[in-house]
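Here is the file final.txt (compact mmCIF, C-alpha atoms and all ligand atoms).
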# COMPACT_ATOMS: atom_id res chain seq x y z
CA MET F 1095 12.24 -18.20 10.15
CA ARG F 1096 9.64 -18.22 12.91
CA THR F 1097 5.93 -17.48 12.75
CA VAL F 1098 4.14 -16.13 15.79
CA HIS F 1099 0.42 -15.52 16.21
CA LYS F 1100 0.31 -13.81 19.62
CA ILE F 1101 1.33 -10.26 20.54
CA LYS F 1102 2.82 -11.40 23.85
CA GLU F 1103 5.12 -13.90 22.16
CA LEU F 1104 6.12 -11.33 19.54
CA ARG F 1105 7.05 -8.82 22.25
CA THR F 1106 9.16 -11.37 24.15
CA ILE F 1107 11.16 -12.29 21.03
CA LEU F 1108 11.65 -8.65 20.02
CA GLN F 1109 12.71 -7.65 23.52
CA ASN F 1110 15.42 -10.26 23.29
CA TYR F 1111 16.66 -8.88 19.93
CA ARG F 1112 16.52 -5.33 21.28
CA SER F 1113 18.59 -6.23 24.33
CA GLN F 1114 21.26 -7.52 21.91
CA GLY F 1115 21.29 -4.06 20.29
CA LYS F 1116 19.62 -5.27 17.09
CA ARG F 1117 17.69 -2.87 14.87
CA ILE F 1118 14.14 -3.96 14.12
CA GLY F 1119 12.22 -3.40 10.89
CA LEU F 1120 8.54 -3.87 10.11
CA VAL F 1121 6.85 -4.67 6.79
CA PRO F 1122 3.06 -4.73 7.18
CA THR F 1123 1.22 -6.81 4.56
CA MET F 1124 -2.07 -8.58 4.00
CA GLY F 1125 -0.22 -11.69 2.73
CA ASN F 1126 -0.46 -13.46 -0.63
CA LEU F 1127 3.09 -12.27 -1.06
CA HIS F 1128 4.59 -11.39 -4.45
CA GLU F 1129 7.84 -9.77 -5.62
CA GLY F 1130 6.57 -6.32 -4.58
CA HIS F 1131 6.33 -7.46 -0.97
CA ILE F 1132 9.67 -9.28 -1.11
CA ALA F 1133 11.32 -6.07 -2.35
CA LEU F 1134 9.97 -4.30 0.75
CA VAL F 1135 11.41 -6.99 3.03
CA SER F 1136 14.80 -6.82 1.25
CA LYS F 1137 14.81 -3.03 1.63
CA ALA F 1138 13.94 -3.36 5.32
CA LEU F 1139 16.82 -5.80 5.78
CA GLU F 1140 19.21 -3.14 4.43
CA ALA F 1141 18.27 -0.89 7.36
CA ALA F 1142 17.50 -3.42 10.12
CA ASP F 1143 19.02 -6.61 11.57
CA VAL F 1144 15.72 -8.41 11.91
CA VAL F 1145 12.49 -7.77 10.02
CA VAL F 1146 8.98 -8.55 11.17
CA THR F 1147 6.64 -9.20 8.24
CA SER F 1148 3.09 -8.94 9.46
CA ILE F 1149 0.40 -10.85 7.58
CA PHE F 1150 -3.04 -9.69 8.56
CA VAL F 1151 -6.12 -9.18 6.39
CA ASN F 1152 -7.47 -6.23 8.34
CA PRO F 1153 -11.28 -6.29 8.41
CA MET F 1154 -11.45 -2.65 9.52
CA GLN F 1155 -10.19 -1.33 6.17
CA PHE F 1156 -12.66 -3.25 3.98
CA GLY F 1157 -15.99 -1.74 2.95
CA ALA F 1158 -19.21 -3.75 3.25
CA ASN F 1159 -19.24 -4.68 -0.45
CA GLU F 1160 -15.53 -5.36 -0.78
CA ASP F 1161 -13.52 -8.59 -0.96
CA LEU F 1162 -12.74 -9.30 2.72
CA ASP F 1163 -14.13 -12.83 2.52
CA THR F 1164 -12.47 -13.77 -0.75
CA TYR F 1165 -9.11 -12.02 -0.17
CA PRO F 1166 -6.45 -14.75 -0.73
CA ARG F 1167 -5.02 -16.21 2.48
CA THR F 1168 -1.89 -18.20 1.64
CA LEU F 1169 0.21 -18.36 4.82
CA LYS F 1170 2.21 -21.49 3.95
CA ALA F 1171 3.29 -20.20 0.52
CA ASP F 1172 4.07 -16.80 2.09
CA GLN F 1173 6.29 -18.43 4.72
CA GLU F 1174 8.17 -20.33 2.01
CA LYS F 1175 8.83 -17.10 0.08
CA LEU F 1176 10.04 -15.27 3.19
CA ASP F 1177 12.32 -18.20 4.07
CA GLN F 1178 14.39 -17.32 0.97
CA VAL F 1179 14.90 -13.67 1.95
CA GLY F 1180 16.79 -13.52 5.24
CA ASN F 1181 16.30 -12.93 8.94
CA THR F 1182 12.56 -12.41 9.10
CA LEU F 1183 9.93 -13.12 11.67
CA VAL F 1184 6.35 -13.60 10.51
CA PHE F 1185 3.62 -12.12 12.67
CA ALA F 1186 0.26 -13.55 11.62
CA PRO F 1187 -2.31 -12.76 14.31
CA PRO F 1188 -5.94 -13.88 14.16
CA VAL F 1189 -8.58 -11.12 14.10
CA SER F 1190 -9.44 -11.84 17.76
CA GLU F 1191 -5.87 -11.01 18.79
CA VAL F 1192 -5.88 -7.60 17.08
CA TYR F 1193 -9.48 -6.63 17.91
CA PRO F 1194 -10.27 -8.49 21.18
CA SER F 1195 -13.25 -6.20 21.92
CA GLY F 1196 -14.60 -6.32 18.37
CA LEU F 1197 -14.46 -3.75 15.60
CA ALA F 1198 -17.39 -1.62 16.72
CA ASN F 1199 -15.67 -0.86 19.99
CA GLN F 1200 -12.25 -0.06 18.56
CA THR F 1201 -10.52 3.32 19.02
CA GLN F 1202 -9.75 4.69 15.56
CA VAL F 1203 -6.99 6.80 14.09
CA VAL F 1204 -8.27 9.48 11.69
CA VAL F 1205 -5.75 11.28 9.48
CA PRO F 1206 -7.17 14.50 8.04
CA GLY F 1207 -6.12 15.99 4.69
CA VAL F 1208 -4.22 13.27 2.86
CA SER F 1209 -6.88 10.63 3.66
CA GLU F 1210 -9.53 12.67 1.89
CA GLY F 1211 -10.29 12.38 -1.82
CA HIS F 1212 -8.98 9.77 -4.29
CA CYS F 1213 -9.30 6.29 -2.68
CA GLY F 1214 -10.53 7.97 0.52
CA ALA F 1215 -13.58 9.26 -1.35
CA SER F 1216 -14.46 5.96 -3.03
CA ARG F 1217 -13.66 3.75 -0.01
CA PRO F 1218 -15.21 5.53 3.00
CA GLY F 1219 -13.60 4.40 6.26
CA HIS F 1220 -10.75 2.64 4.42
CA PHE F 1221 -7.92 4.91 5.54
CA GLU F 1222 -9.23 5.01 9.12
CA GLY F 1223 -8.95 1.21 9.06
CA VAL F 1224 -5.44 1.35 7.59
CA ALA F 1225 -4.27 4.12 9.95
CA THR F 1226 -5.67 2.32 12.99
CA VAL F 1227 -4.10 -1.06 12.25
CA VAL F 1228 -0.75 0.44 11.19
CA THR F 1229 -0.62 2.47 14.42
CA MET F 1230 -1.37 -0.73 16.36
CA LEU F 1231 1.30 -2.68 14.48
CA LEU F 1232 3.84 0.09 15.10
CA ASN F 1233 2.96 -0.10 18.81
CA MET F 1234 3.14 -3.89 18.90
CA VAL F 1235 6.51 -4.12 17.14
CA GLN F 1236 8.05 -0.73 18.07
CA PRO F 1237 10.34 -0.94 15.03
CA ASP F 1238 13.21 1.39 14.19
CA ILE F 1239 12.05 1.47 10.58
CA ALA F 1240 8.93 0.42 8.67
CA VAL F 1241 8.73 -0.03 4.89
CA PHE F 1242 5.66 0.58 2.70
CA GLY F 1243 5.20 0.48 -1.08
CA GLU F 1244 4.74 3.54 -3.28
CA LYS F 1245 2.19 1.49 -5.24
CA ASP F 1246 -0.25 2.52 -2.50
CA PHE F 1247 0.81 6.17 -2.77
CA GLN F 1248 -2.04 7.71 -0.78
CA GLN F 1249 -1.64 5.05 1.94
CA LEU F 1250 2.06 5.91 2.25
CA ALA F 1251 1.19 9.61 2.66
CA VAL F 1252 -1.38 8.73 5.35
CA ILE F 1253 1.16 6.60 7.24
CA ARG F 1254 3.90 9.25 7.04
CA LYS F 1255 1.50 11.81 8.48
CA LEU F 1256 0.20 9.63 11.30
CA ALA F 1257 3.73 8.66 12.39
CA ASN F 1258 4.74 12.31 12.36
CA ASP F 1259 1.58 13.70 14.02
CA LEU F 1260 1.45 11.01 16.73
CA MET F 1261 5.22 11.33 17.27
CA ILE F 1262 5.82 7.63 16.82
CA PRO F 1263 9.60 7.09 16.94
CA VAL F 1264 9.95 5.21 13.67
CA GLU F 1265 11.44 6.01 10.27
CA ILE F 1266 8.88 5.41 7.52
CA ILE F 1267 10.59 4.28 4.30
CA GLY F 1268 8.89 4.21 0.88
CA ALA F 1269 9.85 1.59 -1.71
CA PRO F 1270 9.34 1.91 -5.49
CA THR F 1271 6.56 0.02 -7.26
CA VAL F 1272 7.60 -3.38 -8.61
CA ARG F 1273 6.01 -4.10 -11.99
CA ASP F 1274 5.56 -7.05 -14.32
CA ASP F 1275 7.52 -6.84 -17.60
CA ASP F 1276 4.51 -5.30 -19.37
CA GLY F 1277 4.28 -2.49 -16.78
CA LEU F 1278 1.39 -3.76 -14.65
CA ALA F 1279 2.06 -3.03 -10.97
CA LYS F 1280 2.27 -6.28 -9.03
CA SER F 1281 -0.70 -6.67 -6.72
CA SER F 1282 -2.43 -9.51 -4.92
CA ARG F 1283 -5.68 -8.48 -6.60
CA ASN F 1284 -4.16 -9.09 -10.09
CA GLY F 1285 -4.95 -12.73 -9.34
CA TYR F 1286 -8.65 -11.92 -9.72
CA LEU F 1287 -8.19 -10.94 -13.42
CA SER F 1288 -9.33 -13.27 -16.21
CA GLU F 1289 -6.81 -13.98 -18.99
CA LEU F 1290 -8.44 -11.37 -21.22
CA GLU F 1291 -8.53 -8.76 -18.43
CA ARG F 1292 -4.88 -9.48 -17.59
CA SER F 1293 -3.92 -8.76 -21.22
CA LYS F 1294 -5.66 -5.35 -21.01
CA ALA F 1295 -4.45 -4.43 -17.52
CA PRO F 1296 -1.08 -2.83 -18.54
CA LYS F 1297 -3.11 -0.07 -20.31
CA ILE F 1298 -3.46 1.63 -16.95
CA TYR F 1299 0.32 2.10 -16.69
CA GLN F 1300 0.59 3.05 -20.39
CA THR F 1301 -2.08 5.70 -19.87
CA LEU F 1302 -0.20 7.10 -16.86
CA THR F 1303 3.08 7.08 -18.81
CA ASN F 1304 1.49 9.04 -21.70
CA LEU F 1305 0.00 11.53 -19.29
CA ALA F 1306 3.32 11.92 -17.45
CA GLN F 1307 5.06 12.72 -20.76
CA GLN F 1308 2.55 15.46 -21.46
CA LEU F 1309 3.01 16.91 -17.98
CA GLU F 1310 6.77 16.99 -18.54
CA GLN F 1311 6.48 18.68 -21.95
CA LEU F 1312 3.47 21.01 -21.98
CA PRO F 1313 4.28 24.61 -20.93
CA ALA F 1314 0.86 25.19 -19.27
CA PRO F 1315 -1.05 21.94 -18.90
CA ASP F 1316 -4.82 21.97 -18.27
CA TYR F 1317 -4.84 19.32 -15.52
CA GLU F 1318 -8.59 18.70 -15.56
CA ALA F 1319 -8.76 18.30 -19.34
CA LEU F 1320 -5.75 15.94 -19.31
CA SER F 1321 -7.28 13.80 -16.54
CA LYS F 1322 -10.58 13.61 -18.39
CA ALA F 1323 -8.87 12.59 -21.63
CA ALA F 1324 -6.87 9.90 -19.78
CA CYS F 1325 -10.10 8.50 -18.23
CA GLU F 1326 -11.68 8.37 -21.70
CA GLN F 1327 -8.60 6.56 -23.01
CA LEU F 1328 -8.95 3.93 -20.26
CA GLN F 1329 -12.67 3.62 -20.92
CA SER F 1330 -11.98 2.92 -24.60
CA HIS F 1331 -9.86 -0.06 -23.48
CA GLY F 1332 -12.70 -1.54 -21.43
CA PHE F 1333 -11.88 -0.08 -18.00
CA ARG F 1334 -14.36 1.63 -15.71
CA PRO F 1335 -12.18 4.44 -14.35
CA GLU F 1336 -12.92 5.59 -10.81
CA TYR F 1337 -10.56 8.57 -10.95
CA ILE F 1338 -7.37 9.86 -12.53
CA ASN F 1339 -6.18 12.82 -10.45
CA ILE F 1340 -3.08 14.96 -10.93
CA VAL F 1341 -1.95 16.09 -7.48
CA ASN F 1342 0.81 17.82 -5.57
CA SER F 1343 3.07 14.88 -4.55
CA LEU F 1344 3.33 16.03 -0.91
CA THR F 1345 -0.14 17.29 -0.04
CA LEU F 1346 -2.14 15.19 -2.55
CA ALA F 1347 -4.21 18.34 -3.21
CA PRO F 1348 -5.14 19.03 -6.86
CA ALA F 1349 -2.08 20.24 -8.79
CA SER F 1350 -1.83 23.98 -9.25
CA ASP F 1351 0.28 26.13 -11.56
CA GLY F 1352 3.37 26.54 -9.34
CA ASP F 1353 3.67 22.85 -8.38
CA ARG F 1354 6.74 21.06 -9.77
CA GLU F 1355 6.53 17.68 -8.01
CA LEU F 1356 3.34 16.06 -9.28
CA THR F 1357 1.84 12.61 -8.94
CA ILE F 1358 -0.84 11.07 -11.12
CA LEU F 1359 -3.11 8.87 -9.00
CA ALA F 1360 -5.42 6.40 -10.70
CA ALA F 1361 -8.00 3.78 -9.76
CA ALA F 1362 -10.02 1.81 -12.29
CA PHE F 1363 -12.10 -1.34 -12.45
CA LEU F 1364 -11.47 -4.07 -14.99
CA GLY F 1365 -14.55 -6.26 -14.68
CA THR F 1366 -14.99 -6.60 -10.91
CA THR F 1367 -11.29 -6.08 -10.09
CA ARG F 1368 -10.23 -2.68 -8.77
CA LEU F 1369 -6.69 -1.72 -9.78
CA ILE F 1370 -4.71 1.28 -8.55
CA ASP F 1371 -1.51 2.79 -9.87
CA ASN F 1372 0.40 6.08 -9.81
CA LEU F 1373 3.33 7.85 -11.43
CA SER F 1374 5.32 10.83 -10.17
CA VAL F 1375 6.73 13.56 -12.45
CA THR F 1376 8.85 16.64 -12.02
CA ARG F 1377 7.66 19.61 -14.10
CA PRO F 1378 10.43 21.63 -15.78
N1 LIG F 1401 3.98 -3.88 -6.72
C1 LIG F 1401 4.37 -3.42 -5.54
N2 LIG F 1401 5.54 -2.76 -5.43
C2 LIG F 1401 5.93 -2.26 -4.23
N3 LIG F 1401 5.23 -2.40 -3.08
C3 LIG F 1401 4.06 -3.05 -3.15
C4 LIG F 1401 3.57 -3.59 -4.37
N4 LIG F 1401 2.38 -4.19 -4.14
C5 LIG F 1401 2.12 -4.03 -2.81
N5 LIG F 1401 3.13 -3.34 -2.23
C6 LIG F 1401 3.20 -2.92 -0.84
O1 LIG F 1401 3.12 -4.03 0.01
C7 LIG F 1401 2.52 -3.66 1.24
C8 LIG F 1401 1.41 -4.60 1.52
O2 LIG F 1401 0.43 -4.46 0.51
P1 LIG F 1401 -0.72 -5.49 0.24
O3 LIG F 1401 -0.51 -6.70 1.09
O4 LIG F 1401 -2.03 -4.81 0.27
O5 LIG F 1401 -0.39 -5.96 -1.23
P2 LIG F 1401 -1.09 -5.66 -2.57
O6 LIG F 1401 -0.50 -6.56 -3.58
O7 LIG F 1401 -1.06 -4.19 -2.77
O8 LIG F 1401 -2.55 -6.14 -2.31
P3 LIG F 1401 -3.85 -5.55 -2.95
O9 LIG F 1401 -3.94 -6.16 -4.29
O10 LIG F 1401 -4.83 -6.06 -1.96
O11 LIG F 1401 -3.79 -4.05 -2.93
C9 LIG F 1401 2.04 -2.21 1.06
O12 LIG F 1401 3.01 -1.35 1.64
C10 LIG F 1401 2.02 -2.07 -0.44
O13 LIG F 1401 2.19 -0.73 -0.87
C1 LIG F 1402 -0.61 -1.45 5.27
C2 LIG F 1402 -1.61 -2.59 5.36
C3 LIG F 1402 -0.87 -3.90 5.64
C4 LIG F 1402 -2.53 -2.32 6.56
O1 LIG F 1402 -3.47 -3.34 6.68
C5 LIG F 1402 -2.45 -2.72 4.08
O2 LIG F 1402 -3.23 -1.59 3.86
C6 LIG F 1402 -1.64 -3.07 2.88
O3 LIG F 1402 -1.39 -4.27 2.73
O4 LIG F 1402 -1.24 -2.19 2.10
N1 LIG F 1403 -3.05 -2.49 -0.64
C1 LIG F 1403 -3.96 -1.69 0.12
C2 LIG F 1403 -4.88 -2.49 0.98
C3 LIG F 1403 -6.28 -2.52 0.52
O1 LIG F 1403 -6.57 -2.29 -0.66
O2 LIG F 1403 -7.15 -2.78 1.35
Starting from the file, give its structure as structure tokens.
Ligand SMILES: Nc1ncnc2c1ncn2[C@@H]1O[C@H](COP(=O)(O)OP(=O)(O)OP(=O)(O)O)[C@@H](O)[C@H]1O
Ligand SMILES: CC(C)(CO)[C@@H](O)C(=O)[O-]
Ligand code: BAL
Amino acid sequence: MRTVHKIKELRTILQNYRSQGKRIGLVPTMGNLHEGHIALVSKALEAADVVVTSIFVNPMQFGANEDLDTYPRTLKADQEKLDQVGNTLVFAPPVSEVYPSGLANQTQVVVPGVSEGHCGASRPGHFEGVATVVTMLLNMVQPDIAVFGEKDFQQLAVIRKLANDLMIPVEIIGAPTVRDDDGLAKSSRNGYLSELERSKAPKIYQTLTNLAQQLEQLPAPDYEALSKAACEQLQSHGFRPEYINIVNSLTLAPASDGDRELTILAAAFLGTTRLIDNLSVTRP
């Protein structure tokens, strides 16, 4: 497995693979890899001959009071994990390589509709940062396929829309959320949790599971009342819920009576750690 830090070098290597007729996959990450990320790389390897795993903590998607400075950077351990998986190439550029003219001067990609609300409301500018860097990565790598996790459900919707709207010739593939045995979605930020917080954290998934059951069973659910009750349930377990929203799985607009494919989106703080999760349901 090779690691490259420069776009020029990456392009030369990929050109060589392409000229041999190899299919190229991309898995964008911010590093600190766990089994969720490895599942994305394995899925990409099912559809591509060589997979580029990018590791880049993208400053453009972090808000002023967020954890850009403390976000775990663990390149060596990440390389060792990827070494076990298969034919991967690590692309780990420095910030100066991705934003040579600085952030303030950077052209941005804005994705209307699906970027708004949910995490888009609580993290202003976040999805512009994600959409911009993902567009740049897709242009740098020019992959046949790119794999993203359903754990970041709204992000996946944003990326599907930008690839479609900007006519980027890539297949965007979603991969299911990988969870710990107790249901907690694996996430780099789980590492911020204290032992006590970690023991409470699975409540977020349990709350979503209970809510999903009600959505499957109730003949005419009152979505707002159910969301409010679920937030109160989380609060009683020591969370500070940011939102629990029941949405149309495709548009991410609030669920309405005729919708059958629904997704429950949730974000909540445990102490200073912000966790997100989601669960999709089909109404009878
Ligand atoms: N548990 C998981 N299951 C499936 N995919 C995941 C999981 N966790 C992260 N991913 C996916 O991995 C890719 C890179 O995500 P990222 O590096 O931000 O990891 P993360 O663990 O979600 O980090 P953070 O805690 O900062 O949100 C994204 O497409 C994300 O959806
Ligand atoms: C897609 C991504 C790598 C863009 O920085 C990031 O938002 C993430 O890790 O999910
Ligand atoms: N996993 C999404 C990236 C972020 O929270 O910034």
Check your understanding: Neighbours of ligand LIG 1401 (chain F) within 8 Å, counting all atoms listed in the file, as a ChimeraX atom specification?
Key -> /F:1121-1131,1133-1134,1149,1165,1241-1247,1249-1250,1269-1273,1279-1284,1369-1370
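Of the listed residues (F:Val1228, F:Leu1364, F:Ala1198, F:Ala1314), F:Leu1364 comes nearest to Leu1290 in chain F; the distances count only C-alpha atoms.
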Exercise for review: Find the residues near Pro1378 in chain F: any atom within 10 Å, counting only C-alpha atoms, skip ones fewer than 5 places away on the same chain, and give them as an NGL selection string.
Suggested key: :F and (1309-1313 or 1354-1355)
Revision key, fill the gap. For Ala1347 in chain F, the closest of F:Gly1211, F:Gly1119, F:Pro1153, F:Pro1188 counting all atoms listed in the file is F:Gly1211
Exercise for review: Could you give me, as a PyMOL selection string, the residues that sit within 7 Å of (-9.9, 5.9, 6.1) in the file's coordinates, counting all atoms listed in the file?
Suggested key: chain F and resi 1204+1209+1214+1218-1224
Point to revise | Neighbour list for range 1101-1110 of chain F as a PyMOL selection string, cut-off 12 Å, all atoms listed in the file, skip fewer than 5 positions in-chain | key: chain F and resi 1096+1115-1120+1143-1148+1182-1194+1230-1238
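If all atoms listed in the file are the atoms counted, then among F:Ala1251, F:Glu1326, F:Val1375, F:Val1264 the closest residue to Ile1340 in chain F is F:Val1375.
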**Study point:** Spatial neighbours of range 1317-1323 of chain F, 12 Å, only C-alpha atoms, chain gap at least 2 places, as number ranges by chain
**Key:** F: 1301-1302, 1304-1309, 1312-1315, 1325-1330, 1335-1342, 1348-1351, 1353, 1356-1360
Review point. What is the distance between CA of Lys1170 in chain F and CA of Thr1226 in chain F, in Å to one decimal?
Key: 26.7 Å
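Rounded to one decimal, CA of Cys1213 in chain F and CA of Lys1175 in chain F lie 29.7 Å from each other.
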Need a file for range 1217-1269 of chain F from that block: C-alpha atoms, written as an mmCIF file, in the first residue's frame.
data_model
loop_
_atom_site.group_PDB
_atom_site.id
_atom_site.type_symbol
_atom_site.label_atom_id
_atom_site.label_comp_id
_atom_site.auth_asym_id
_atom_site.auth_seq_id
_atom_site.Cartn_x
_atom_site.Cartn_y
_atom_site.Cartn_z
ATOM 1 C CA ARG F 1217 -23.840 23.524 11.601
ATOM 2 C CA PRO F 1218 -24.041 26.536 9.257
ATOM 3 C CA GLY F 1219 -21.576 26.215 6.361
ATOM 4 C CA HIS F 1220 -20.885 22.547 7.162
ATOM 5 C CA PHE F 1221 -22.432 21.022 4.048
ATOM 6 C CA GLU F 1222 -20.891 23.692 1.811
ATOM 7 C CA GLY F 1223 -17.526 22.570 3.216
ATOM 8 C CA VAL F 1224 -18.363 18.896 2.667
ATOM 9 C CA ALA F 1225 -19.785 19.457 -0.838
ATOM 10 C CA THR F 1226 -16.781 21.551 -1.867
ATOM 11 C CA VAL F 1227 -14.127 19.111 -0.689
ATOM 12 C CA VAL F 1228 -15.983 16.054 -2.026
ATOM 13 C CA THR F 1229 -16.333 17.727 -5.435
ATOM 14 C CA MET F 1230 -12.596 18.490 -5.357
ATOM 15 C CA LEU F 1231 -11.742 14.910 -4.363
ATOM 16 C CA LEU F 1232 -13.965 13.553 -7.140
ATOM 17 C CA ASN F 1233 -12.104 15.825 -9.581
ATOM 18 C CA MET F 1234 -8.683 14.857 -8.246
ATOM 19 C CA VAL F 1235 -9.325 11.106 -8.350
ATOM 20 C CA GLN F 1236 -11.944 10.890 -11.145
ATOM 21 C CA PRO F 1237 -13.157 7.555 -9.744
ATOM 22 C CA ASP F 1238 -15.658 5.198 -11.357
ATOM 23 C CA ILE F 1239 -17.340 4.738 -7.988
ATOM 24 C CA ALA F 1240 -17.238 6.461 -4.597
ATOM 25 C CA VAL F 1241 -18.540 4.973 -1.339
ATOM 26 C CA PHE F 1242 -20.038 6.900 1.595
ATOM 27 C CA GLY F 1243 -21.647 5.716 4.841
ATOM 28 C CA GLU F 1244 -25.363 5.892 5.584
ATOM 29 C CA LYS F 1245 -24.389 6.871 9.137
ATOM 30 C CA ASP F 1246 -24.042 10.394 7.720
ATOM 31 C CA PHE F 1247 -27.431 10.157 6.004
ATOM 32 C CA GLN F 1248 -27.862 13.836 5.165
ATOM 33 C CA GLN F 1249 -24.275 14.026 3.882
ATOM 34 C CA LEU F 1250 -24.940 11.085 1.551
ATOM 35 C CA ALA F 1251 -28.045 12.849 0.178
ATOM 36 C CA VAL F 1252 -26.007 16.033 -0.381
ATOM 37 C CA ILE F 1253 -23.293 14.106 -2.237
ATOM 38 C CA ARG F 1254 -25.776 12.191 -4.408
ATOM 39 C CA LYS F 1255 -27.380 15.485 -5.423
ATOM 40 C CA LEU F 1256 -24.143 17.309 -6.178
ATOM 41 C CA ALA F 1257 -22.828 14.433 -8.323
ATOM 42 C CA ASN F 1258 -26.113 14.351 -10.206
ATOM 43 C CA ASP F 1259 -26.566 18.134 -10.576
ATOM 44 C CA LEU F 1260 -22.936 18.778 -11.599
ATOM 45 C CA MET F 1261 -23.026 15.745 -13.930
ATOM 46 C CA ILE F 1262 -19.934 14.205 -12.399
ATOM 47 C CA PRO F 1263 -19.448 10.802 -14.065
ATOM 48 C CA VAL F 1264 -19.255 8.709 -10.908
ATOM 49 C CA GLU F 1265 -21.522 6.160 -9.244
ATOM 50 C CA ILE F 1266 -22.200 7.144 -5.623
ATOM 51 C CA ILE F 1267 -22.674 4.045 -3.452
ATOM 52 C CA GLY F 1268 -24.137 4.112 0.080
ATOM 53 C CA ALA F 1269 -22.981 1.598 2.705
#
